[in-house]
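Just start08.cif here, mmCIF, C-alpha atoms and all ligand atoms:
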data_protein
loop_
_atom_site.label_atom_id
_atom_site.label_comp_id
_atom_site.auth_asym_id
_atom_site.auth_seq_id
_atom_site.Cartn_x
_atom_site.Cartn_y
_atom_site.Cartn_z
CA MET E 1 -5.36 7.93 9.04
CA LEU E 2 -3.09 6.94 11.91
CA GLN E 3 -3.41 10.34 13.58
CA ASP E 4 -4.31 9.96 17.28
CA LYS E 5 -4.96 6.24 16.98
CA ASN E 6 -4.08 4.28 20.10
CA ILE E 7 -1.88 1.42 19.05
CA ILE E 8 -0.42 -1.21 21.35
CA LEU E 9 2.82 -2.53 19.90
CA GLY E 10 3.58 -5.92 21.41
CA VAL E 11 7.20 -6.96 21.07
CA THR E 12 8.40 -10.48 21.80
CA GLY E 13 11.79 -12.15 21.93
CA SER E 14 13.19 -12.54 18.44
CA ILE E 15 16.41 -11.33 16.88
CA SER E 16 14.25 -9.18 14.60
CA VAL E 17 13.12 -6.97 17.52
CA TYR E 18 15.29 -4.14 16.20
CA LYS E 19 12.95 -3.84 13.22
CA ALA E 20 10.08 -3.12 15.60
CA VAL E 21 11.96 0.00 16.70
CA ASP E 22 11.60 1.26 13.13
CA LEU E 23 7.89 0.37 13.19
CA ALA E 24 7.41 2.33 16.43
CA SER E 25 9.18 5.30 14.89
CA LYS E 26 7.07 5.25 11.73
CA LEU E 27 3.82 4.92 13.71
CA VAL E 28 4.76 7.88 15.90
CA GLN E 29 5.74 9.93 12.83
CA ALA E 30 2.30 9.19 11.37
CA GLY E 31 0.66 10.64 14.51
CA ALA E 32 -0.28 7.46 16.38
CA VAL E 33 -0.11 7.13 20.17
CA VAL E 34 2.02 4.03 20.68
CA ASP E 35 2.20 1.99 23.88
CA VAL E 36 4.92 -0.61 23.66
CA VAL E 37 4.52 -3.80 25.66
CA MET E 38 7.63 -5.98 25.70
CA THR E 39 7.98 -9.54 26.91
CA GLU E 40 10.94 -10.27 29.14
CA ALA E 41 12.69 -12.13 26.31
CA ALA E 42 12.31 -9.11 24.01
CA THR E 43 14.25 -6.96 26.49
CA GLU E 44 17.22 -9.31 26.04
CA PHE E 45 17.51 -8.08 22.44
CA VAL E 46 16.64 -4.38 22.68
CA LYS E 47 16.41 -2.19 25.77
CA PRO E 48 12.99 -0.61 26.52
CA ILE E 49 14.53 2.86 26.36
CA SER E 50 14.97 2.46 22.58
CA PHE E 51 11.20 2.34 22.24
CA GLY E 52 10.43 4.79 25.04
CA SER E 53 12.57 7.53 23.59
CA LEU E 54 10.62 7.27 20.33
CA THR E 55 7.12 6.90 21.73
CA LYS E 56 7.65 9.36 24.62
CA ARG E 57 5.61 7.01 26.77
CA PRO E 58 6.47 4.41 29.39
CA VAL E 59 7.36 1.03 27.93
CA ILE E 60 5.58 -1.77 29.74
CA THR E 61 7.70 -4.76 30.57
CA GLU E 62 6.20 -6.06 33.79
CA MET E 63 2.87 -7.45 34.83
CA PHE E 64 3.03 -5.78 38.23
CA PRO E 65 5.07 -2.63 37.73
CA ASP E 66 6.15 -0.67 40.73
CA THR E 67 3.83 2.23 39.94
CA THR E 68 0.37 3.50 40.75
CA ASP E 69 -0.18 4.75 37.19
CA TYR E 70 -3.53 3.13 36.47
CA ASN E 71 -3.30 4.11 32.79
CA ILE E 72 -0.78 1.44 32.02
CA ALA E 73 -2.59 -1.45 33.67
CA HIS E 74 -3.59 -4.12 31.15
CA ILE E 75 -7.32 -3.40 31.29
CA SER E 76 -7.05 0.33 30.72
CA LEU E 77 -4.47 -0.23 27.99
CA SER E 78 -6.64 -2.75 26.17
CA ASP E 79 -9.76 -0.62 26.68
CA ARG E 80 -8.44 2.38 24.84
CA ALA E 81 -6.59 0.50 22.10
CA ASP E 82 -7.78 0.94 18.52
CA LEU E 83 -5.44 -1.83 17.47
CA VAL E 84 -2.88 -4.28 18.81
CA VAL E 85 0.04 -5.27 16.63
CA ILE E 86 2.51 -7.92 17.74
CA CYS E 87 5.73 -7.52 15.82
CA PRO E 88 7.74 -9.69 15.98
CA ALA E 89 5.62 -12.53 17.39
CA THR E 90 7.37 -15.69 18.54
CA ALA E 91 5.96 -19.23 18.39
CA ASN E 92 5.67 -19.10 22.17
CA THR E 93 3.51 -15.94 22.24
CA ILE E 94 1.35 -17.25 19.38
CA ALA E 95 0.84 -20.49 21.34
CA LYS E 96 -0.12 -18.56 24.48
CA LEU E 97 -2.64 -16.41 22.62
CA ALA E 98 -4.18 -19.40 20.87
CA ASN E 99 -4.74 -21.08 24.21
CA GLY E 100 -5.83 -18.20 26.39
CA ILE E 101 -2.73 -18.20 28.56
CA ALA E 102 -2.23 -14.82 30.17
CA ASP E 103 0.98 -14.96 32.17
CA ASP E 104 2.62 -11.73 31.07
CA MET E 105 1.48 -8.21 30.30
CA LEU E 106 1.23 -8.73 26.53
CA SER E 107 -0.82 -11.94 26.63
CA CYS E 108 -3.03 -10.42 29.36
CA THR E 109 -3.64 -7.32 27.27
CA VAL E 110 -4.53 -9.32 24.15
CA LEU E 111 -6.89 -11.52 26.13
CA ALA E 112 -8.59 -8.42 27.55
CA THR E 113 -8.93 -6.40 24.34
CA GLU E 114 -11.74 -6.18 21.83
CA ALA E 115 -9.55 -4.28 19.37
CA PRO E 116 -8.34 -6.00 16.19
CA VAL E 117 -5.01 -7.81 16.54
CA ILE E 118 -2.34 -8.08 13.84
CA ILE E 119 0.40 -10.65 14.26
CA ALA E 120 3.71 -10.60 12.38
CA PRO E 121 5.46 -13.89 13.23
CA ALA E 122 9.22 -14.35 13.25
CA MET E 123 10.90 -17.63 14.10
CA ASN E 124 13.01 -20.50 12.85
CA TYR E 125 11.36 -22.09 9.80
CA ARG E 126 11.05 -25.49 11.48
CA MET E 127 9.26 -23.91 14.44
CA TYR E 128 6.92 -22.11 12.03
CA ARG E 129 6.02 -25.13 9.96
CA ASN E 130 5.63 -27.36 13.03
CA GLU E 131 2.07 -28.69 13.12
CA VAL E 132 1.39 -27.24 16.54
CA THR E 133 2.38 -23.73 15.43
CA GLN E 134 0.28 -24.10 12.28
CA GLU E 135 -2.68 -25.22 14.38
CA ASN E 136 -2.25 -22.22 16.67
CA VAL E 137 -2.04 -19.85 13.71
CA ASP E 138 -5.17 -21.36 12.14
CA LYS E 139 -7.02 -21.15 15.44
CA LEU E 140 -6.20 -17.47 15.85
CA LYS E 141 -7.02 -16.72 12.19
CA SER E 142 -10.43 -18.31 12.60
CA ARG E 143 -10.99 -15.99 15.56
CA GLY E 144 -10.26 -12.95 13.41
CA PHE E 145 -6.59 -12.32 14.17
CA VAL E 146 -4.82 -10.91 11.10
CA PHE E 147 -1.54 -12.66 10.27
CA ILE E 148 1.04 -11.01 8.09
CA GLY E 149 4.07 -13.01 6.96
CA PRO E 150 6.38 -14.56 7.84
CA ALA E 151 8.45 -14.11 4.69
CA THR E 152 10.68 -16.72 3.14
CA GLY E 153 14.38 -15.97 3.08
CA ARG E 154 17.60 -16.15 5.01
CA LEU E 155 17.03 -16.60 8.73
CA ALA E 156 19.26 -15.62 11.64
CA SER E 157 20.52 -19.19 11.89
CA GLY E 158 21.82 -18.99 8.32
CA ALA E 159 19.16 -21.41 7.08
CA VAL E 160 16.75 -20.40 4.35
CA GLY E 161 13.04 -20.93 4.93
CA GLN E 162 9.74 -19.34 5.91
CA GLY E 163 10.14 -17.55 9.22
CA ARG E 164 11.56 -14.07 8.52
CA LEU E 165 9.70 -11.09 9.86
CA ILE E 166 7.82 -9.43 6.99
CA GLU E 167 9.05 -6.00 5.86
CA ILE E 168 7.97 -3.17 8.14
CA THR E 169 6.38 -1.30 5.20
CA GLU E 170 4.02 -4.28 4.83
CA VAL E 171 3.20 -4.28 8.54
CA LEU E 172 2.35 -0.60 8.22
CA GLY E 173 0.16 -1.39 5.20
CA ALA E 174 -1.69 -4.03 7.24
CA ILE E 175 -2.16 -1.60 10.14
CA ARG E 176 -3.55 1.07 7.82
CA GLN E 177 -5.87 -1.41 6.14
CA VAL E 178 -7.24 -2.84 9.38
CA LEU E 179 -7.80 0.62 10.90
CA GLY E 180 -9.46 1.86 7.70
CA LYS E 181 -11.87 -1.06 7.30
CA SER E 182 -14.96 1.01 8.01
CA GLY E 183 -13.76 4.07 6.09
CA ASP E 184 -15.82 5.99 3.53
CA LEU E 185 -14.84 3.56 0.74
CA SER E 186 -15.81 0.49 2.75
CA GLY E 187 -17.53 -2.10 0.55
CA ARG E 188 -16.41 -0.31 -2.63
CA ARG E 189 -14.21 -1.74 -5.34
CA ILE E 190 -11.76 0.59 -7.02
CA VAL E 191 -9.58 -0.19 -10.04
CA VAL E 192 -6.44 1.93 -10.32
CA THR E 193 -3.82 1.84 -13.08
CA ALA E 194 -0.23 2.99 -12.60
CA GLY E 195 3.18 3.28 -14.25
CA GLY E 196 4.32 3.67 -17.83
CA THR E 197 3.52 0.87 -20.25
CA GLN E 198 6.40 -0.70 -22.20
CA GLU E 199 5.99 -1.56 -25.87
CA PRO E 200 8.53 -4.05 -27.26
CA ILE E 201 10.57 -3.33 -30.39
CA ASP E 202 12.56 -6.58 -30.26
CA PRO E 203 13.53 -9.03 -27.46
CA VAL E 204 15.84 -6.45 -25.81
CA ARG E 205 14.41 -3.01 -26.63
CA ARG E 206 11.21 -1.21 -25.87
CA VAL E 207 9.41 2.12 -26.16
CA SER E 208 8.38 3.53 -22.80
CA ASN E 209 7.99 6.76 -20.84
CA ARG E 210 9.18 8.31 -17.60
CA SER E 211 6.18 7.57 -15.37
CA SER E 212 7.30 6.34 -11.92
CA GLY E 213 3.91 4.95 -10.88
CA LYS E 214 4.00 6.91 -7.61
CA MET E 215 0.68 8.73 -8.12
CA GLY E 216 -1.17 5.51 -8.98
CA TYR E 217 0.35 3.60 -6.06
CA ALA E 218 -0.56 6.44 -3.68
CA LEU E 219 -4.16 6.33 -4.95
CA ALA E 220 -4.35 2.56 -4.53
CA GLU E 221 -2.93 2.67 -1.00
CA VAL E 222 -5.15 5.54 0.13
CA ALA E 223 -8.24 3.80 -1.31
CA ARG E 224 -7.25 0.68 0.67
CA ASP E 225 -6.75 2.79 3.82
CA ARG E 226 -10.26 4.18 3.39
CA GLY E 227 -11.78 0.70 3.27
CA ALA E 228 -11.97 -0.09 -0.45
CA SER E 229 -11.00 -3.36 -2.04
CA VAL E 230 -8.48 -2.30 -4.63
CA VAL E 231 -7.16 -3.76 -7.88
CA LEU E 232 -3.92 -2.10 -8.96
CA ILE E 233 -3.03 -2.73 -12.59
CA SER E 234 0.59 -1.75 -12.86
CA ALA E 235 3.16 -1.41 -15.59
CA PRO E 236 6.74 -2.13 -14.40
CA THR E 237 7.85 0.26 -11.61
CA SER E 238 10.51 0.19 -8.91
CA LEU E 239 7.85 0.41 -6.18
CA PRO E 240 7.16 -2.46 -3.74
CA ALA E 241 3.85 -4.32 -4.07
CA PRO E 242 1.50 -2.65 -1.55
CA TYR E 243 0.02 -4.84 1.19
CA GLY E 244 -3.63 -5.83 0.89
CA ILE E 245 -4.07 -4.76 -2.71
CA GLU E 246 -4.65 -7.09 -5.66
CA LEU E 247 -1.69 -6.30 -7.90
CA VAL E 248 -1.97 -7.18 -11.60
CA SER E 249 1.40 -6.73 -13.29
CA ILE E 250 1.37 -5.96 -16.99
CA GLU E 251 3.80 -4.49 -19.51
CA THR E 252 2.03 -3.29 -22.64
CA ALA E 253 -0.95 -1.01 -23.33
CA GLN E 254 -2.84 -3.98 -24.75
CA GLN E 255 -2.22 -6.03 -21.57
CA MET E 256 -3.35 -3.07 -19.48
CA HIS E 257 -6.50 -2.79 -21.59
CA ASP E 258 -7.25 -6.50 -21.14
CA ALA E 259 -6.63 -6.34 -17.38
CA VAL E 260 -8.89 -3.29 -16.98
CA VAL E 261 -11.69 -4.95 -18.97
CA LYS E 262 -11.35 -8.09 -16.83
CA SER E 263 -11.47 -6.29 -13.49
CA ILE E 264 -13.97 -3.53 -14.19
CA ALA E 265 -17.23 -5.52 -14.15
CA ASP E 266 -18.20 -4.92 -10.51
CA ALA E 267 -16.01 -1.87 -9.86
CA ASP E 268 -17.38 1.38 -8.45
CA ALA E 269 -14.66 3.49 -10.01
CA LEU E 270 -11.80 3.36 -12.50
CA ILE E 271 -8.88 5.70 -11.93
CA MET E 272 -6.45 5.71 -14.85
CA ALA E 273 -3.24 7.16 -13.43
CA ALA E 274 -1.08 5.10 -15.81
CA ALA E 275 0.89 6.69 -18.63
CA VAL E 276 -0.35 4.43 -21.38
CA ALA E 277 1.63 4.40 -24.62
CA ASP E 278 -0.36 6.07 -27.39
CA TYR E 279 1.67 4.24 -30.03
CA ARG E 280 3.46 0.89 -30.22
CA PRO E 281 5.85 -0.62 -32.77
CA LYS E 282 3.74 -2.11 -35.54
CA ASN E 283 5.99 -5.11 -36.03
CA ILE E 284 7.87 -6.66 -33.13
CA SER E 285 11.06 -8.34 -34.29
CA ASP E 286 11.50 -11.88 -32.94
CA SER E 287 15.27 -11.51 -33.00
CA LYS E 288 17.51 -8.68 -31.88
CA ILE E 289 17.71 -5.93 -34.51
CA LYS E 290 21.36 -5.60 -35.59
CA LYS E 291 23.07 -2.31 -36.21
CA SER E 292 23.38 -1.69 -39.98
CA ASP E 293 22.33 1.52 -41.75
CA ASP E 294 22.90 5.04 -40.45
CA SER E 295 19.27 5.42 -39.54
CA LEU E 296 16.55 3.07 -38.44
CA ASN E 297 12.83 3.63 -38.92
CA ILE E 298 10.37 1.97 -36.61
CA GLU E 299 6.77 2.24 -37.69
CA LEU E 300 4.36 2.87 -34.84
CA GLU E 301 0.64 2.16 -34.68
CA LYS E 302 -2.00 3.52 -32.32
CA THR E 303 -2.91 1.62 -29.18
CA THR E 304 -6.48 1.36 -27.91
CA ASP E 305 -7.51 4.31 -25.76
CA ILE E 306 -8.55 2.42 -22.65
CA LEU E 307 -10.55 5.21 -21.00
CA SER E 308 -12.53 5.79 -24.18
CA VAL E 309 -13.60 2.21 -24.67
CA VAL E 310 -14.26 1.13 -21.08
CA ASN E 311 -17.26 2.03 -18.93
CA ALA E 312 -17.38 2.37 -15.15
CA PRO E 313 -19.81 4.11 -12.75
CA VAL E 314 -17.09 6.70 -12.05
CA LYS E 315 -14.25 7.30 -14.52
CA VAL E 316 -11.24 9.39 -13.59
CA GLY E 317 -8.45 10.27 -16.02
CA PHE E 318 -5.18 12.17 -15.82
CA ALA E 319 -3.78 14.71 -18.22
CA ALA E 320 -0.05 15.31 -18.05
CA GLU E 321 0.55 18.39 -20.16
CA SER E 322 3.39 20.73 -20.99
CA ASP E 323 1.20 23.34 -22.77
CA ASP E 324 -2.37 24.64 -22.54
CA LEU E 325 -3.09 22.60 -19.41
CA GLU E 326 -6.70 23.55 -18.86
CA SER E 327 -7.99 23.47 -22.43
CA ASN E 328 -6.23 20.17 -23.21
CA ALA E 329 -7.56 18.62 -20.00
CA LYS E 330 -11.13 19.79 -20.72
CA GLU E 331 -10.91 18.35 -24.20
CA LYS E 332 -9.79 14.96 -22.84
CA LEU E 333 -12.53 14.99 -20.19
CA ALA E 334 -15.18 15.42 -22.87
CA LYS E 335 -13.61 13.09 -25.44
CA LYS E 336 -13.12 10.25 -22.97
CA ASN E 337 -16.47 10.82 -21.20
CA LEU E 338 -14.88 11.27 -17.77
CA ASP E 339 -16.36 12.32 -14.44
CA LEU E 340 -13.10 13.92 -13.35
CA ILE E 341 -9.81 14.79 -14.94
CA ILE E 342 -6.67 15.44 -12.92
CA ALA E 343 -4.45 17.78 -14.89
CA ASN E 344 -0.87 18.53 -14.05
CA ASP E 345 1.76 20.67 -15.70
CA ILE E 346 4.78 18.40 -16.03
CA THR E 347 7.10 21.39 -16.39
CA ALA E 348 6.11 22.88 -13.01
CA GLU E 349 8.58 22.56 -10.13
CA GLY E 350 7.83 19.55 -7.90
CA SER E 351 5.29 18.08 -10.34
CA GLY E 352 7.58 16.25 -12.72
CA PHE E 353 8.14 12.54 -13.18
CA ASP E 354 9.33 10.60 -10.17
CA ALA E 355 8.50 13.48 -7.78
CA ASP E 356 6.88 12.70 -4.42
CA THR E 357 4.75 15.80 -4.78
CA ASN E 358 2.27 17.00 -7.35
CA GLU E 359 0.39 20.20 -8.14
CA VAL E 360 -2.89 19.43 -9.87
CA LEU E 361 -6.01 21.00 -11.25
CA ILE E 362 -9.16 18.88 -10.85
CA ILE E 363 -11.91 19.50 -13.39
CA ASP E 364 -15.31 17.83 -13.24
CA ARG E 365 -17.96 17.06 -15.84
CA SER E 366 -19.70 20.38 -15.31
CA GLY E 367 -16.45 22.23 -15.94
CA GLN E 368 -15.93 23.22 -12.31
CA LYS E 369 -12.29 23.57 -11.40
CA GLU E 370 -10.38 22.99 -8.16
CA LYS E 371 -6.76 24.09 -8.16
CA LEU E 372 -4.73 22.37 -5.46
CA PRO E 373 -1.39 23.67 -4.19
CA LEU E 374 1.80 21.61 -4.43
CA MET E 375 1.43 18.74 -1.93
CA PRO E 376 2.62 15.16 -1.31
CA LYS E 377 1.11 12.63 -3.72
CA ILE E 378 -0.53 10.86 -0.76
CA ASP E 379 -2.45 14.08 0.02
CA VAL E 380 -3.36 14.55 -3.66
CA ALA E 381 -4.69 10.97 -3.59
CA HIS E 382 -6.91 11.82 -0.59
CA LYS E 383 -8.29 14.89 -2.40
CA ILE E 384 -9.06 12.87 -5.54
CA LEU E 385 -10.70 10.11 -3.49
CA ASP E 386 -12.81 12.69 -1.60
CA ARG E 387 -14.25 13.58 -5.00
CA VAL E 388 -14.67 9.92 -5.98
CA VAL E 389 -16.53 9.18 -2.72
CA ALA E 390 -18.90 12.09 -3.42
CA LEU E 391 -19.51 10.85 -6.99
CA ILE E 392 -20.08 7.24 -5.95
CA SER E 393 -22.66 8.18 -3.33
CA LYS E 394 -24.62 10.44 -5.68
N1 LIG T 401 -5.14 6.72 -21.56
C1 LIG T 401 -5.80 5.54 -21.83
N2 LIG T 401 -5.43 4.78 -22.90
C2 LIG T 401 -4.46 5.20 -23.74
C3 LIG T 401 -3.80 6.44 -23.49
C4 LIG T 401 -4.18 7.16 -22.39
O1 LIG T 401 -6.68 5.15 -21.07
N3 LIG T 401 -4.13 4.44 -24.77
C5 LIG T 401 -5.55 7.50 -20.35
C6 LIG T 401 -4.43 7.81 -19.40
O2 LIG T 401 -4.28 6.82 -18.44
C7 LIG T 401 -4.88 9.13 -18.79
C8 LIG T 401 -5.67 9.78 -19.90
O3 LIG T 401 -6.01 8.74 -20.80
O4 LIG T 401 -5.72 8.94 -17.69
C9 LIG T 401 -4.95 10.85 -20.64
O5 LIG T 401 -3.81 10.36 -21.23
P1 LIG T 401 -2.92 11.23 -22.22
O6 LIG T 401 -1.86 10.35 -22.79
O7 LIG T 401 -2.53 12.49 -21.58
O8 LIG T 401 -3.99 11.57 -23.28
P2 LIG T 401 -4.08 11.29 -24.78
O9 LIG T 401 -5.54 11.20 -25.08
O10 LIG T 401 -3.26 10.14 -25.13
O11 LIG T 401 -3.53 12.64 -25.40
P3 LIG T 401 -2.06 13.17 -25.74
O12 LIG T 401 -1.08 12.05 -25.51
O13 LIG T 401 -2.16 13.58 -27.14
O14 LIG T 401 -1.82 14.33 -24.82
#
Representation of the structure as structure tokens:
Amino acid sequence: MLQDKNIILGVTGSISVYKAVDLASKLVQAGAVVDVVMTEAATEFVKPISFGSLTKRPVITEMFPDTTDYNIAHISLSDRADLVVICPATANTIAKLANGIADDMLSCTVLATEAPVIIAPAMNYRMYRNEVTQENVDKLKSRGFVFIGPATGRLASGAVGQGRLIEITEVLGAIRQVLGKSGDLSGRRIVVTAGGTQEPIDPVRRVSNRSSGKMGYALAEVARDRGASVVLISAPTSLPAPYGIELVSIETAQQMHDAVVKSIADADALIMAAAVADYRPKNISDSKIKKSDDSLNIELEKTTDILSVVNAPVKVGFAAESDDLESNAKEKLAKKNLDLIIANDITAEGSGFDADTNEVLIIDRSGQKEKLPLMPKIDVAHKILDRVVALISK
């Protein structure tokens, strides 16, 4: 999605400038063409060469550089930009942008561009909450600038407050979402479930499974990057909340059922990537079960099969199998009335729990099969969503 996109990375003078080096690196790795524009203050924190050696392009620090290279003049830069991201953005730069001041290369470029602009502020918390900064932020928001952060936490001064630069993974999420706004899922609403549900036995113990949630999170993020508005209903995972996605955190199969029912009304598709417990303890003990006899029996009862009881214009299920992959998957597809089932052999190399890759077999309602090779879960997500897009537009 970022491949060959022209991104202007504006960098202003904050102690958090070093984090922007990581952002530049990640953007380049994702295939973007990155032009870094630094304010003079930013160069006091990090030298331009740190950015230039990653982007393999000249870093612009001056309004009137001693060069005849027309391609780096502010108008040509802003003309070809698909997106401008200012990270970190100081109170001073925000104030300049809000008031049309164009006295350095970055503010000139922003004034001259028609590309979307994302701003990730970083400053002392008192500067951020100052009324004038808040007014400037509101002014820019009302003109369509996208603000992300700042986060609350420990600041460079040692004080704790709202002013920290947001995590770079979130800035990347915002960039992907803004660039994907008019993608092939634009205007669509997709509900995705992820993770392994947890069914309590007593206040300290639970029955769960080894699902990492990675496949579901990849699907939710890719759907967002292709323009969808996404609800991600997630059992506990160790994954960070993705930017720009409505995250509904649940624990049990029953809570997941209730959350799906609540969010499905106007959805275009439901993708159940979660590993939902098939059984839960029948009686949950209010107090901790003490060790006594040599064995302990816990009676389990069936949970509701969410896919079977819920309707959506497009329903996609997963089948994680260790035996008879295809026949089991086909049976589930029919039984749960699915449009697609994504089957994977959990014993295959690279396809197990917690892996970043997956090797799947996609089967549709008519029984047609598509066997995909082992690939990153992000790529599997794209393949599944290609099929969902085709089904939605039928
Ligand atoms: N699923 C569901 N509700 C449940 C259990 C599973 O919606 N209570 C969904 C899963 O999210 C997945 C699909 O059904 O998309 C298949 O789940 P799986 O556990 O493999 O299927 P089961 O029908 O439970 O069969 P089995 O466990 O016997 O293999």
So which one's closest to Leu27 (chain E), E:Ala194, E:Ala95, E:Val46, E:Leu2? Using all atoms listed in the file, please. E:Leu2
Residues within 7 Å of ligand LIG 401 (chain T) (all atoms listed in the file), as JSON, numbers by chain? {"E": [253, 272, 273, 274, 275, 276, 277, 278, 303, 304, 305, 306, 307, 308, 316, 317, 318, 319, 320, 321, 332]}
Nearest to Ile392 (chain E), chosen from E:Ile148, E:Ala269, E:Ile7, E:Val36, with all atoms listed in the file counted in the distances: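 Answer, going by the shortest atom-to-atom distance: E:Ala269.
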Pick the closest to Thr93 (chain E) from E:Ser292, E:Thr347, E:Asn136, E:Thr55: which is it, counting all atoms listed in the file? E:Asn136
So how far away is CA of Leu106 (chain E) from CA of Ala122 (chain E), in Å?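 Taking CA of Ala122 (chain E) and CA of Leu106 (chain E), their separation equals 16.5 Å.
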Which distance in Å separates CA of Asn130 (chain E) and CA of Glu167 (chain E), to one decimal?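 Calculated distance between CA of Asn130 (chain E) and CA of Glu167 (chain E) is 22.8 Å.
Distance-wise, CA of Gln177 (chain E) and CA of Val85 (chain E) end up 12.6 Å apart.
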Fewer than 5 positions away in the same chain doesn't count, so skip those; otherwise give me all residues within 12 Å of Leu333 (chain E), counting only C-alpha atoms, as an MDAnalysis selection string. chainID E and resid 307:308 315:319 326:328 338:343 362:368
Of the candidates E:Met1, E:Met375, E:Ala390, E:Cys87, which one gets nearest to Asp225 (chain E) if we count only C-alpha atoms?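 Under the stated criterion, the closest residue is E:Met1.
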Skip Leu300 (chain E) itself and residues of its chain fewer than 5 positions away, then list as a list in words all residues within 9 Å of it, counting only C-alpha atoms. Tyr279, Arg280, Pro281, Lys282 and Asn283 of chain E
Given only C-alpha atoms as the basis, pick out the residue of E:Ala174, E:Val84, E:Val248, E:Ile298 nearest to Ser234 (chain E).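 The answer is E:Val248, which sits nearest to Ser234 (chain E).
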Any chance you could work out the axis-aligned box around region 341-354 of chain E, listed atoms only, 6 Å on each side, giving centre and edge lengths in Å to one decimal, as AutoDock Vina command-line options?
--center_x -0.2 --center_y 16.7 --center_z -12.1 --size_x 31.1 --size_y 24.3 --size_z 20.5
Can you pull out every residue within 12 Å of Lys394 (chain E), counting all atoms listed in the file, but drop anything in the same chain fewer than 2 positions away, and send it as a list of chain:residue names?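 Listed by chain and then number, they are E:Asp268, E:Pro313, E:Val314, E:Arg387, E:Val388, E:Val389, E:Ala390, E:Leu391, E:Ile392.
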Pick from E:Pro58, E:Pro242, E:Gly350, E:Gly144, whichever lies nearest to Ala98 (chain E) using all atoms listed in the file: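 Ranked by minimum distance to Ala98 (chain E), first place goes to E:Gly144.
Summary of the local environment: counting only C-alpha atoms, residues at most 9 Å from Ile15 (chain E), other than itself and those fewer than 3 positions away along its chain, are Tyr18, Ala42, Phe45, Pro88, Ala122, Met123 and Ala156 of chain E.
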Please list as JSON, numbers by chain every residue within 12 Å of Gly10 (chain E), counting all atoms listed in the file and excluding residues in the same chain fewer than 4 positions away. {"E": [17, 20, 21, 23, 24, 34, 35, 36, 37, 38, 39, 40, 42, 43, 48, 51, 59, 60, 61, 77, 78, 83, 84, 85, 86, 87, 88, 89, 90, 93, 94, 104, 105, 106, 107, 108, 109, 110, 117, 118, 119, 120, 121]}
